[in-house]
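Structure data (compact mmCIF, C-alpha atoms) from my_file_1.txt:
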# COMPACT_ATOMS: atom_id res chain seq x y z
CA MET A 1 109.80 86.98 75.90
CA ASP A 2 111.82 88.26 78.85
CA VAL A 3 110.72 91.63 80.18
CA SER A 4 111.87 93.71 83.11
CA ASP A 5 109.67 95.02 85.92
CA SER A 6 110.00 98.58 84.65
CA VAL A 7 108.77 97.53 81.19
CA ILE A 8 105.87 95.67 82.75
CA ASP A 9 104.96 98.71 84.83
CA HIS A 10 105.05 100.81 81.67
CA LEU A 11 102.88 98.29 79.79
CA ARG A 12 100.40 98.14 82.66
CA HIS A 13 100.11 101.89 82.49
CA VAL A 14 99.86 102.42 78.73
CA ALA A 15 97.66 99.42 77.97
CA ALA A 16 95.22 100.40 80.72
CA LEU A 17 94.72 103.90 79.33
CA PRO A 18 91.53 104.09 77.29
CA ASP A 19 92.03 104.37 73.55
CA LEU A 20 89.65 107.20 72.72
CA ALA A 21 90.39 107.23 68.99
CA GLY A 22 87.13 107.53 67.12
CA THR A 23 85.37 109.21 70.03
CA ARG A 24 84.74 112.90 70.64
CA TYR A 25 86.80 112.82 73.84
CA GLU A 26 90.37 113.65 74.64
CA LEU A 27 91.93 112.20 77.76
CA GLU A 28 93.18 114.64 80.39
CA SER A 29 93.92 112.81 83.63
CA GLU A 30 92.79 110.07 85.95
CA ILE A 31 90.57 111.32 88.76
CA GLY A 32 89.49 108.20 90.59
CA ARG A 33 88.96 104.47 90.72
CA GLY A 34 85.66 102.88 91.60
CA GLY A 35 84.39 99.39 92.13
CA LEU A 36 83.90 98.76 88.43
CA GLY A 37 86.37 100.94 86.63
CA VAL A 38 88.44 104.08 86.38
CA VAL A 39 87.18 107.65 86.06
CA TYR A 40 89.11 110.13 83.94
CA ALA A 41 88.75 113.83 83.30
CA ALA A 42 88.37 114.33 79.55
CA ARG A 43 87.50 117.07 77.11
CA ASP A 44 84.53 116.79 74.82
CA ARG A 45 85.96 118.26 71.60
CA GLN A 46 82.56 118.76 69.98
CA LEU A 47 81.02 120.74 72.81
CA ASP A 48 84.30 122.11 74.15
CA ARG A 49 83.58 121.18 77.73
CA ARG A 50 85.17 118.98 80.34
CA VAL A 51 83.45 115.75 81.28
CA ALA A 52 84.07 112.79 83.55
CA LEU A 53 84.65 109.61 81.60
CA LYS A 54 84.14 106.33 83.39
CA VAL A 55 85.81 103.38 81.71
CA LEU A 56 84.49 100.09 83.00
CA ASP A 57 86.72 97.08 83.54
CA ALA A 58 84.72 94.99 81.12
CA ALA A 59 81.79 95.27 78.74
CA LEU A 60 79.40 96.27 81.50
CA ALA A 61 77.26 98.71 79.57
CA GLY A 62 74.40 97.93 81.95
CA GLU A 63 75.71 100.28 84.61
CA ALA A 64 75.41 103.32 82.35
CA ARG A 65 71.93 102.39 81.17
CA LEU A 66 70.96 101.83 84.76
CA ILE A 67 72.07 105.27 85.88
CA ALA A 68 70.68 106.96 82.79
CA ARG A 69 67.24 105.82 83.97
CA LEU A 70 67.70 107.71 87.21
CA GLU A 71 67.01 111.39 86.66
CA HIS A 72 67.50 113.12 89.97
CA PRO A 73 69.43 116.18 91.18
CA GLY A 74 71.45 113.84 93.41
CA ILE A 75 72.57 111.54 90.61
CA VAL A 76 75.23 112.65 88.14
CA PRO A 77 73.65 112.92 84.69
CA ILE A 78 74.98 110.63 81.95
CA TYR A 79 75.69 112.35 78.62
CA GLU A 80 76.65 109.41 76.44
CA THR A 81 77.59 105.77 76.53
CA GLY A 82 79.91 103.89 74.20
CA THR A 83 82.37 101.06 73.72
CA LEU A 84 86.12 101.45 73.32
CA PRO A 85 87.94 99.61 70.51
CA ASP A 86 89.19 97.07 73.11
CA GLY A 87 85.63 96.21 74.09
CA ARG A 88 85.49 98.12 77.38
CA ALA A 89 82.33 100.11 77.94
CA PHE A 90 82.53 103.76 78.91
CA TYR A 91 80.16 106.54 79.70
CA ALA A 92 80.57 110.28 79.79
CA MET A 93 78.95 112.21 82.60
CA LYS A 94 78.96 115.61 84.20
CA LEU A 95 82.30 116.45 85.75
CA VAL A 96 81.46 117.42 89.30
CA ALA A 97 83.75 119.90 90.99
CA GLY A 98 83.64 119.36 94.70
CA GLU A 99 84.73 117.28 97.60
CA ARG A 100 84.20 113.62 98.39
CA VAL A 101 82.39 113.05 101.66
CA ASP A 102 85.34 111.21 103.21
CA HIS A 103 87.25 114.49 102.89
CA TYR A 104 84.24 116.69 103.57
CA ALA A 105 83.63 114.97 106.93
CA GLY A 106 86.93 116.29 108.29
CA GLY A 107 85.94 119.92 107.60
CA PRO A 108 84.35 122.37 110.02
CA HIS A 109 80.82 121.82 108.68
CA PRO A 110 77.85 122.42 110.99
CA LEU A 111 75.57 119.54 111.90
CA ALA A 112 72.74 120.88 109.71
CA ASP A 113 74.98 120.73 106.62
CA ARG A 114 76.13 117.22 107.47
CA LEU A 115 72.55 116.06 107.90
CA ARG A 116 71.65 117.71 104.60
CA VAL A 117 74.28 115.55 102.88
CA VAL A 118 72.70 112.44 104.39
CA ARG A 119 69.21 113.55 103.43
CA ARG A 120 70.13 114.37 99.84
CA THR A 121 71.92 111.04 99.56
CA GLY A 122 68.86 109.31 100.96
CA GLU A 123 66.57 111.07 98.49
CA ALA A 124 68.66 109.81 95.57
CA LEU A 125 68.62 106.31 97.05
CA ALA A 126 64.86 106.46 97.57
CA LEU A 127 64.33 107.30 93.90
CA ALA A 128 66.60 104.45 92.82
CA HIS A 129 64.80 102.03 95.11
CA SER A 130 61.46 103.10 93.68
CA ARG A 131 62.84 102.00 90.27
CA GLY A 132 64.07 98.70 91.66
CA ILE A 133 67.72 99.72 91.63
CA ILE A 134 70.06 99.42 94.60
CA HIS A 135 73.41 101.06 95.02
CA ARG A 136 75.31 98.15 96.60
CA ASP A 137 78.39 100.15 97.57
CA LEU A 138 77.31 103.38 99.24
CA LYS A 139 80.19 104.92 101.19
CA PRO A 140 81.70 108.38 101.75
CA GLN A 141 84.03 107.93 98.77
CA ASN A 142 80.99 107.56 96.52
CA VAL A 143 79.20 110.73 97.64
CA MET A 144 80.35 114.11 96.39
CA VAL A 145 79.47 117.55 97.75
CA GLY A 146 79.60 120.06 94.89
CA GLU A 147 80.91 123.60 95.11
CA PHE A 148 77.37 124.97 95.44
CA GLY A 149 76.44 122.48 98.15
CA GLU A 150 74.78 120.03 95.77
CA VAL A 151 75.15 116.36 96.70
CA TYR A 152 75.80 113.60 94.16
CA VAL A 153 75.71 109.86 94.72
CA MET A 154 78.08 108.07 92.36
CA ASP A 155 79.37 104.64 91.42
CA TRP A 156 76.09 102.81 91.32
CA GLY A 157 76.67 99.06 91.26
CA VAL A 158 75.04 96.62 88.96
CA GLU A 159 76.62 93.30 89.64
CA ALA A 160 77.89 91.64 92.74
CA VAL A 161 80.35 94.20 93.98
CA ALA A 162 81.87 93.26 97.31
CA GLY A 163 81.11 96.55 99.04
CA THR A 164 83.25 98.29 101.63
CA PRO A 165 83.39 96.49 105.00
CA GLN A 166 82.63 99.47 107.25
CA PHE A 167 79.57 100.39 105.18
CA ARG A 168 78.51 96.97 103.99
CA ALA A 169 75.53 95.24 105.55
CA PRO A 170 76.32 91.80 107.01
CA GLU A 171 73.80 89.89 104.89
CA ALA A 172 75.13 87.97 101.90
CA ARG A 173 72.28 88.85 99.57
CA LEU A 174 72.10 92.61 99.13
CA ASP A 175 68.79 94.43 98.77
CA GLN A 176 67.28 97.82 99.60
CA ARG A 177 67.76 97.22 103.32
CA SER A 178 71.49 96.83 102.65
CA ASP A 179 71.52 100.36 101.21
CA ILE A 180 69.66 101.53 104.33
CA TYR A 181 72.46 100.00 106.41
CA ALA A 182 75.04 101.88 104.34
CA LEU A 183 73.07 105.13 104.68
CA GLY A 184 73.04 104.64 108.46
CA ALA A 185 76.80 104.06 108.36
CA LEU A 186 77.18 107.24 106.31
CA LEU A 187 75.15 109.15 108.91
CA GLN A 188 77.31 107.75 111.69
CA PHE A 189 80.44 108.66 109.74
CA LEU A 190 79.31 112.26 109.34
CA LEU A 191 78.19 112.82 112.92
CA PRO A 192 80.46 114.94 115.09
CA ALA A 193 81.78 113.42 118.32
CA ALA A 194 79.27 115.31 120.45
CA ALA A 195 76.22 114.35 118.40
CA SER A 196 72.85 113.85 120.04
CA PRO A 197 72.04 110.31 121.21
CA ALA A 198 68.89 110.56 119.09
CA LEU A 199 70.96 110.85 115.91
CA ARG A 200 73.24 108.04 117.02
CA ALA A 201 70.13 105.94 117.64
CA ILE A 202 68.88 106.65 114.10
CA ALA A 203 72.21 105.48 112.66
CA ALA A 204 72.20 102.44 114.93
CA LYS A 205 68.65 101.46 113.92
CA ALA A 206 69.57 101.71 110.25
CA MET A 207 72.61 99.52 110.91
CA ARG A 208 70.95 96.72 112.85
CA ALA A 209 72.35 93.30 111.94
CA ASP A 210 68.93 91.89 111.12
CA PRO A 211 67.52 93.70 108.07
CA ALA A 212 64.00 93.32 109.47
CA ASP A 213 64.98 95.47 112.47
CA ARG A 214 66.14 98.37 110.29
CA TYR A 215 63.94 101.12 108.86
CA PRO A 216 61.53 99.59 106.36
CA ASP A 217 62.61 102.06 103.67
CA VAL A 218 64.79 105.11 103.11
CA PRO A 219 61.95 107.67 103.54
CA ALA A 220 61.31 106.29 107.06
CA LEU A 221 64.94 106.94 107.96
CA LEU A 222 64.83 110.42 106.46
CA THR A 223 61.60 111.18 108.33
CA ASP A 224 63.34 110.33 111.60
CA ILE A 225 66.18 112.73 110.75
CA GLU A 226 63.63 115.43 109.91
CA ARG A 227 61.83 114.79 113.19
CA PHE A 228 65.10 115.27 115.02
CA GLN A 229 65.75 118.52 113.18
CA GLU A 230 62.26 119.77 114.05
CA GLY A 231 62.81 118.98 117.72
CA LEU A 232 60.39 116.05 117.76
CA ALA A 233 60.89 112.59 119.25
CA VAL A 234 62.51 110.12 116.86
CA GLU A 235 61.23 106.62 116.26
CA ALA A 236 64.64 105.06 116.82
CA TRP A 237 65.08 106.21 120.40
CA SER A 238 62.86 105.96 123.46
CA GLU A 239 64.31 108.95 125.23
CA PRO A 240 64.45 109.32 129.02
CA LEU A 241 62.19 111.90 130.74
CA SER A 242 65.03 114.37 131.29
CA HIS A 243 65.75 114.44 127.53
CA ARG A 244 62.07 114.76 126.74
CA LEU A 245 61.72 117.76 129.07
CA ARG A 246 64.87 119.36 127.67
CA ARG A 247 63.63 118.84 124.10
CA PHE A 248 60.21 120.26 125.06
CA GLY A 249 61.92 123.24 126.62
CA ALA A 250 64.12 123.87 123.58
CA ARG A 251 61.19 123.52 121.21
CA ASN A 252 58.85 125.79 123.21
CA ALA A 253 61.34 128.27 124.60
CA VAL A 254 59.33 131.35 123.61
CA LEU A 255 56.11 129.99 125.06
CA LEU A 256 57.87 129.03 128.29
CA TRP A 257 59.42 132.49 128.56
CA LEU A 258 56.00 134.11 128.05
CA LEU A 259 54.46 131.84 130.68
CA ALA A 260 57.28 132.60 133.07
CA ALA A 261 56.89 136.33 132.45
CA TYR A 262 53.13 136.07 132.93
CA ALA A 263 53.59 134.17 136.18
CA GLY A 264 56.18 136.71 137.32
CA VAL A 265 53.84 139.64 136.66
CA LYS A 266 50.99 137.85 138.43
CA LEU A 267 53.18 137.22 141.45
CA LEU A 268 54.30 140.82 141.48
CA LEU A 269 50.70 142.04 141.35
CA LEU A 270 49.73 139.64 144.12
CA PHE A 271 52.64 140.86 146.19
CA LEU A 272 51.68 144.52 145.62
CA ARG A 273 48.04 143.78 146.57
CA ILE A 274 49.13 142.18 149.81
CA LEU A 275 51.15 145.24 150.67
CA MET B 1 95.66 84.94 99.10
CA ALA B 2 99.01 83.34 98.34
CA VAL B 3 97.39 79.94 98.10
CA GLU B 4 94.78 81.30 95.69
CA ARG B 5 97.45 82.93 93.59
CA PHE B 6 99.56 79.80 93.71
CA ALA B 7 96.57 77.72 92.63
CA ALA B 8 95.96 80.23 89.85
CA GLY B 9 99.58 79.89 88.80
CA GLN B 10 99.32 76.12 88.78
CA HIS B 11 96.13 76.35 86.77
CA ALA B 12 97.84 78.78 84.43
CA ALA B 13 100.73 76.40 83.98
CA ALA B 14 98.34 73.59 83.18
CA ASN B 15 96.58 75.75 80.63
CA ARG B 16 99.82 76.83 79.08
CA GLN B 17 100.71 73.21 78.53
CA LYS B 18 97.37 72.62 76.88
CA ARG B 19 98.12 75.47 74.50
CA GLY B 20 101.63 74.26 73.81
CA GLY B 21 103.33 77.00 75.86
CA GLU B 22 106.57 76.02 77.47
CA ALA B 23 107.45 79.00 79.60
CA GLU B 24 107.88 78.28 83.28
CA PHE B 25 108.15 80.34 86.45
CA GLU B 26 111.69 81.29 87.27
CA PRO B 27 113.01 80.85 90.79
CA VAL B 28 112.06 84.01 92.60
CA GLY B 29 113.95 83.71 95.88
CA GLU B 30 117.10 85.43 94.68
CA GLU B 31 115.25 88.11 92.74
CA ALA B 32 112.93 89.25 95.50
CA ALA B 33 113.24 92.98 95.94
CA ALA B 34 114.33 94.23 99.34
CA GLY B 35 111.44 94.58 101.74
CA GLU B 36 109.05 92.68 99.50
CA SER B 37 106.77 90.09 101.09
CA PRO B 38 106.55 86.60 99.57
CA GLU B 39 103.05 87.46 98.34
CA GLU B 40 104.29 90.60 96.61
CA THR B 41 107.14 88.65 95.03
CA PHE B 42 104.71 86.01 93.88
CA GLU B 43 102.35 88.65 92.49
CA ARG B 44 105.18 90.36 90.62
CA GLU B 45 106.42 87.10 89.13
CA TRP B 46 102.88 86.12 88.19
CA ARG B 47 102.47 89.42 86.33
CA ARG B 48 105.85 89.07 84.65
CA GLN B 49 104.94 85.58 83.47
CA LEU B 50 101.53 86.71 82.27
CA PHE B 51 102.94 89.61 80.27
CA ALA B 52 105.74 87.47 78.83
CA LEU B 53 103.15 85.03 77.50
CA ALA B 54 100.89 87.78 76.19
CA LEU B 55 103.85 89.42 74.44
CA ASP B 56 104.72 86.11 72.80
CA ASP B 57 101.08 85.93 71.70
CA LEU B 58 101.29 89.46 70.35
CA ARG B 59 104.41 88.73 68.35
CA ALA B 60 102.82 85.58 66.90
CA HIS B 61 99.64 87.48 66.13
CA CYS B 62 101.61 90.20 64.32
CA GLN B 63 103.60 87.64 62.33
CA ALA B 64 100.44 85.83 61.30
CA ASN B 65 98.61 89.01 60.32
CA GLU B 66 101.31 90.99 58.56
CA LYS B 67 101.58 93.50 61.36
CA LEU B 68 105.33 93.32 61.79
CA LEU B 69 105.72 97.10 61.45
CA GLN B 70 103.30 97.60 64.32
CA PHE B 71 105.23 95.13 66.44
CA GLU B 72 108.58 96.71 65.59
CA ILE B 73 107.34 100.14 66.63
CA PHE B 74 105.78 98.71 69.78
CA GLU B 75 108.97 96.82 70.60
CA ALA B 76 111.15 99.86 70.02
CA TYR B 77 108.99 102.13 72.14
CA ASP B 78 107.01 100.22 74.75
CA LEU B 79 109.50 97.41 75.35
CA ALA B 80 112.52 99.70 75.55
CA ASP B 81 114.25 99.12 78.86
CA GLY B 82 115.92 102.51 78.94
CA GLU B 83 115.33 105.79 77.20
CA ARG B 84 112.46 105.59 74.72
CA PRO B 85 112.88 106.99 71.20
CA SER B 86 110.64 109.90 70.25
CA TYR B 87 107.65 109.34 67.99
CA ALA B 88 109.38 111.54 65.40
CA ALA B 89 112.51 109.36 65.47
CA LEU B 90 110.42 106.22 65.05
CA ALA B 91 108.49 107.80 62.21
CA GLY B 92 111.75 108.78 60.50
CA ARG B 93 113.25 105.32 61.01
CA HIS B 94 110.28 103.61 59.35
CA GLY B 95 109.44 106.33 56.84
CA ILE B 96 105.91 106.90 58.16
CA ALA B 97 103.99 109.82 59.66
CA GLU B 98 104.06 110.47 63.40
CA THR B 99 100.33 109.93 63.58
CA SER B 100 100.89 106.44 62.17
CA VAL B 101 103.30 105.75 65.03
CA THR B 102 100.56 106.82 67.46
CA ASN B 103 98.03 104.61 65.70
CA HIS B 104 100.35 101.60 65.54
CA LEU B 105 101.18 101.92 69.23
CA ALA B 106 97.49 102.26 70.10
CA TRP B 107 96.70 99.13 68.09
CA ALA B 108 99.50 97.12 69.68
CA ARG B 109 98.55 98.18 73.22
CA ARG B 110 94.89 97.42 72.58
CA THR B 111 95.79 94.01 71.18
CA LEU B 112 98.14 93.31 74.08
CA ARG B 113 95.35 94.13 76.51
CA GLN B 114 93.04 91.72 74.69
CA LEU B 115 95.70 89.00 74.75
CA VAL B 116 96.32 89.52 78.47
CA THR B 117 92.58 89.24 78.99
CA GLU B 118 92.50 86.00 77.02
CA ARG B 119 95.35 84.59 79.09
CA LEU B 120 93.52 85.58 82.27
CA ARG B 121 90.30 84.09 81.01
CA GLY B 122 92.08 80.77 80.79
CA VAL B 123 92.97 80.80 84.49
CA THR B 124 89.83 82.26 86.04
CA ALA B 125 86.59 80.53 86.92
CA GLY B 126 84.16 83.06 85.50
CA GLU B 127 83.48 86.68 84.60
CA ARG B 128 83.64 87.90 88.17
CA ASP B 129 87.02 86.26 88.81
CA LEU B 130 88.23 87.59 85.51
CA ARG B 131 87.27 91.13 86.47
CA GLU B 132 89.01 90.77 89.83
CA GLU B 133 92.19 89.63 88.10
CA MET B 134 91.90 92.36 85.48
CA ARG B 135 91.62 94.93 88.26
CA ARG B 136 94.72 93.50 89.91
CA ILE B 137 96.66 93.57 86.69
CA TRP B 138 95.70 96.99 85.41
CA MET B 139 95.42 98.98 88.63

Show me, as structure tokens, the structure contained in the file I just sent.
Amino acid sequence: MDVSDSVIDHLRHVAALPDLAGTRYELESEIGRGGLGVVYAARDRQLDRRVALKVLDAALAGEARLIARLEHPGIVPIYETGTLPDGRAFYAMKLVAGERVDHYAGGPHPLADRLRVVRRTGEALALAHSRGIIHRDLKPQNVMVGEFGEVYVMDWGVEAVAGTPQFRAPEARLDQRSDIYALGALLQFLLPAAASPALRAIAAKAMRADPADRYPDVPALLTDIERFQEGLAVEAWSEPLSHRLRRFGARNAVLLWLLAAYAGVKLLLLFLRIL
Amino acid sequence: MAVERFAAGQHAAANRQKRGGEAEFEPVGEEAAAGESPEETFEREWRRQLFALALDDLRAHCQANEKLLQFEIFEAYDLADGERPSYAALAGRHGIAETSVTNHLAWARRTLRQLVTERLRGVTAGERDLREEMRRIWM
């Protein structure tokens, strides 16, 4: 049968749309494409609410079951899983209103907020790792910052997804350390140009080529970020003396001012006694 | 990439012959759209060939399963190369309800997707390759 390009384009569009007949959902619009499928905004007719509907490229129901096992504030909750009449698996999940981190990064957000995004992402990863699940494709496009500042990690991978070069660890066989690499890359991505060398060192340690040289687990990386935020030395960076003194000064500013004031008063008294 | 796609095309041709298909690639040099790279031209022709075969499969499937009405509606609407008739006009033409037009189109599109998948399965090495090709075709 001879068909024109415009007909083929039409067929590619209409045959790719999920046939939701027999489900409780009504298609609204496409909102994104991930490593394993397409995400649509849909309306749940029974509960009269909007949901995100992810339609997987094939019968990969495992992804939904995998995520459903992960109950965490940083992981989008799954409402329901199902199979379309054409055999494709789908799952309905909370529709998150917010901004993807690749867009968020360009905004005028303070460093503390940026680090909070990394920490929340890391906490979700840590939970997944504790259940033996790895993300495989962590990148800014897969992290969402909600309108109330909540952070969601999305698009968890189940099978061998290629990953995104800038955020993908160099090793062929992905494991938890590969996610640590991606988290380091995410940190680096979110850092402003004038970020502290300590933070850059944390990202660099997480992104070392040899997995054995990276942080042993996600909590170790997060602890280093917390140490930075508390004004303590970080494991990833052996800082020079000048930095150490500056950090000590910043951390103990009040004490140093009191000491200086005390010394000043003492000197004044000494001076007055001499007179 | 082009070599892979070419190899896939060759493999596809071999599989078509096994299944008794006789369709062949048409020369693409003269049809290449302005500004299109050879890879894009190849990709477009590969898709055109794939859909042509799947549509032949769909027609045969409909003939064998007494689904000619579904195919006629699909042909009139989805294969129209210009202005598409309205669902109401199609319903009137065939003396059926508009919802039946919707259902028949949904069935035909679903079946076409399955037939495209089957065609792709014949030219890919495994599930992962199949998914890659599916992504290329549908996205």

Counting only C-alpha atoms, what are the residues of chain B within 7 Å of chain A, and for each of them which pair of atoms is the nearest and at what distance in Å, to one decimal? Sort the table by chain and rising number, as CSV.
residue,atom,partner,partner_atom,distance
B:Arg48,CA,A:Ile8,CA,6.9
B:Ala52,CA,A:Met1,CA,5.0
B:Leu55,CA,A:Met1,CA,6.6
B:Asp56,CA,A:Met1,CA,6.0
B:Asp78,CA,A:Leu11,CA,6.8
B:Leu79,CA,A:Val7,CA,5.9
B:Asp81,CA,A:Val7,CA,6.2
B:Ala106,CA,A:Asp19,CA,6.8
B:Arg109,CA,A:Ala15,CA,5.0
B:Arg110,CA,A:Asp86,CA,5.7
B:Arg113,CA,A:Ala15,CA,6.0
B:Gln114,CA,A:Asp86,CA,6.8
B:Arg131,CA,A:Asp57,CA,6.7
B:Trp138,CA,A:Arg12,CA,5.6

What is the CA of Ala172 (chain A) to CA of Val143 (chain A) distance in Å?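 We find that CA of Ala172 (chain A) and CA of Val143 (chain A) lie 23.5 Å from each other.
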
For Tyr152 (chain A), list every protein, DNA or RNA residue within 6 Å, evaluated using all atoms listed in the file, and leave out those in the same chain fewer than 2 positions away; present the list as a list in words. Gly74, Ile75, Val143 and Met144 of chain A

How would the residues just picked look written out with C-alpha atoms as a PDB file, in the frame of the given file?
ATOM      1  CA  GLY A  74      71.450 113.840  93.410  1.00  0.00           C
ATOM      2  CA  ILE A  75      72.570 111.540  90.610  1.00  0.00           C
ATOM      3  CA  VAL A 143      79.200 110.730  97.640  1.00  0.00           C
ATOM      4  CA  MET A 144      80.350 114.110  96.390  1.00  0.00           C
TER       5      MET A 144
END

Neighbours of point (86.6, 103.7, 83.0) within 7 Å, using all atoms listed in the file, written as a ChimeraX atom specification: /A:37-40,53-57,90

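For the atom pair formed by CA of Glu239 (chain A) and CA of Ala201 (chain A), the distance is 10.0 Å, given to one decimal.
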
What does the structure give for the distance between CA of His135 (chain A) and CA of Trp156 (chain A), in Å to one decimal? 4.9 Å

Pick from A:Pro140, A:Pro197, A:Pro73, A:Pro211, whichever lies nearest to Val118 (chain A) using only C-alpha atoms: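 So, comparing all the options, the nearest one is A:Pro140.
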
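Distances from A:Arg200, A:Arg251, A:Arg119, A:Arg88 to Leu222 (chain A) were compared using all atoms listed in the file, and the smallest one belongs to A:Arg119.
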
Give the answer as one residue: which of B:Leu105, B:Ile73, B:Leu53, B:Ala80 has the shortest atom-to-atom distance to Gly92 (chain B), using all atoms listed in the file? B:Ile73

From the list B:Glu72, B:Leu58, B:Asp129, B:His94, which residue is nearest Leu115 (chain B) when using only C-alpha atoms?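 Closest residue, counting only C-alpha atoms: B:Leu58.
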
When you look at His109 (chain A) with a cut-off of 10 Å (counting all atoms listed in the file), what residues show up, excluding the ones that are within fewer than 5 positions of it in the same chain? I need them as a PDB file with C-alpha atoms, in the frame of the given file.
ATOM      1  CA  TYR A 104      84.240 116.690 103.570  1.00  0.00           C
ATOM      2  CA  ARG A 114      76.130 117.220 107.470  1.00  0.00           C
ATOM      3  CA  LEU A 190      79.310 112.260 109.340  1.00  0.00           C
ATOM      4  CA  PRO A 192      80.460 114.940 115.090  1.00  0.00           C
TER       5      PRO A 192
END

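Among A:Arg247, A:Lys94, A:Arg45, A:Arg168, the residue with the shortest atom-to-atom distance to Gln229 (chain A), counting only C-alpha atoms, is A:Arg247.
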
Residues at most 12 Å from Arg49 (chain A), counting all atoms listed in the file, excluding those fewer than 2 positions away in the same chain, as a CSV table (one decimal) with C-alpha atoms, in the coordinates of the input?
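This went into part-v6.csv:
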chain,number,residue,atom,x,y,z
A,24,ARG,CA,84.7,112.9,70.6
A,25,TYR,CA,86.8,112.8,73.8
A,26,GLU,CA,90.4,113.6,74.6
A,28,GLU,CA,93.2,114.6,80.4
A,41,ALA,CA,88.8,113.8,83.3
A,42,ALA,CA,88.4,114.3,79.6
A,43,ARG,CA,87.5,117.1,77.1
A,44,ASP,CA,84.5,116.8,74.8
A,45,ARG,CA,86.0,118.3,71.6
A,46,GLN,CA,82.6,118.8,70.0
A,47,LEU,CA,81.0,120.7,72.8
A,51,VAL,CA,83.4,115.8,81.3
A,52,ALA,CA,84.1,112.8,83.6
A,79,TYR,CA,75.7,112.4,78.6
A,92,ALA,CA,80.6,110.3,79.8
A,93,MET,CA,79.0,112.2,82.6
A,94,LYS,CA,79.0,115.6,84.2
A,95,LEU,CA,82.3,116.4,85.8

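Within 9 Å of the point (77.5, 102.9, 74.9), and counting all atoms listed in the file, the protein, DNA and RNA residues are Ala61, Ala64, Arg65, Glu80, Thr81, Gly82, Thr83, Leu84, Ala89, Phe90 and Tyr91 of chain A.
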
Select region 69-82 of chain B in the preceding structure and write N, CA and C atoms to a file as a PDB file, in the first residue's frame.
ATOM      1  N   LEU B  69     -15.597  -3.346   7.505  1.00  0.00           N
ATOM      2  CA  LEU B  69     -16.168  -2.040   7.879  1.00  0.00           C
ATOM      3  C   LEU B  69     -15.122  -1.212   8.644  1.00  0.00           C
ATOM      4  N   GLN B  70     -14.454  -1.899   9.582  1.00  0.00           N
ATOM      5  CA  GLN B  70     -13.427  -1.200  10.361  1.00  0.00           C
ATOM      6  C   GLN B  70     -12.341  -0.650   9.426  1.00  0.00           C
ATOM      7  N   PHE B  71     -11.957  -1.491   8.455  1.00  0.00           N
ATOM      8  CA  PHE B  71     -10.885  -1.046   7.554  1.00  0.00           C
ATOM      9  C   PHE B  71     -11.354   0.110   6.679  1.00  0.00           C
ATOM     10  N   GLU B  72     -12.597   0.036   6.225  1.00  0.00           N
ATOM     11  CA  GLU B  72     -13.118   1.111   5.372  1.00  0.00           C
ATOM     12  C   GLU B  72     -13.134   2.447   6.117  1.00  0.00           C
ATOM     13  N   ILE B  73     -13.554   2.386   7.369  1.00  0.00           N
ATOM     14  CA  ILE B  73     -13.599   3.624   8.169  1.00  0.00           C
ATOM     15  C   ILE B  73     -12.180   4.138   8.414  1.00  0.00           C
ATOM     16  N   PHE B  74     -11.296   3.214   8.732  1.00  0.00           N
ATOM     17  CA  PHE B  74      -9.895   3.571   8.964  1.00  0.00           C
ATOM     18  C   PHE B  74      -9.288   4.176   7.687  1.00  0.00           C
ATOM     19  N   GLU B  75      -9.569   3.542   6.571  1.00  0.00           N
ATOM     20  CA  GLU B  75      -9.018   4.012   5.294  1.00  0.00           C
ATOM     21  C   GLU B  75      -9.552   5.407   4.953  1.00  0.00           C
ATOM     22  N   ALA B  76     -10.857   5.584   5.206  1.00  0.00           N
ATOM     23  CA  ALA B  76     -11.467   6.863   4.858  1.00  0.00           C
ATOM     24  C   ALA B  76     -10.963   7.985   5.760  1.00  0.00           C
ATOM     25  N   TYR B  77     -10.659   7.655   7.001  1.00  0.00           N
ATOM     26  CA  TYR B  77     -10.265   8.713   7.931  1.00  0.00           C
ATOM     27  C   TYR B  77      -8.745   8.830   8.070  1.00  0.00           C
ATOM     28  N   ASP B  78      -8.114   7.740   8.514  1.00  0.00           N
ATOM     29  CA  ASP B  78      -6.684   7.840   8.838  1.00  0.00           C
ATOM     30  C   ASP B  78      -5.777   7.807   7.607  1.00  0.00           C
ATOM     31  N   LEU B  79      -6.243   7.237   6.514  1.00  0.00           N
ATOM     32  CA  LEU B  79      -5.395   7.180   5.322  1.00  0.00           C
ATOM     33  C   LEU B  79      -5.745   8.279   4.316  1.00  0.00           C
ATOM     34  N   ALA B  80      -6.646   9.166   4.714  1.00  0.00           N
ATOM     35  CA  ALA B  80      -7.014  10.272   3.818  1.00  0.00           C
ATOM     36  C   ALA B  80      -5.821  11.199   3.642  1.00  0.00           C
ATOM     37  N   ASP B  81      -5.512  11.523   2.411  1.00  0.00           N
ATOM     38  CA  ASP B  81      -4.322  12.346   2.159  1.00  0.00           C
ATOM     39  C   ASP B  81      -4.674  13.825   2.054  1.00  0.00           C
ATOM     40  N   GLY B  82      -5.854  14.179   2.384  1.00  0.00           N
ATOM     41  CA  GLY B  82      -6.258  15.586   2.358  1.00  0.00           C
ATOM     42  C   GLY B  82      -7.143  15.844   3.558  1.00  0.00           C
TER      43      GLY B  82
END
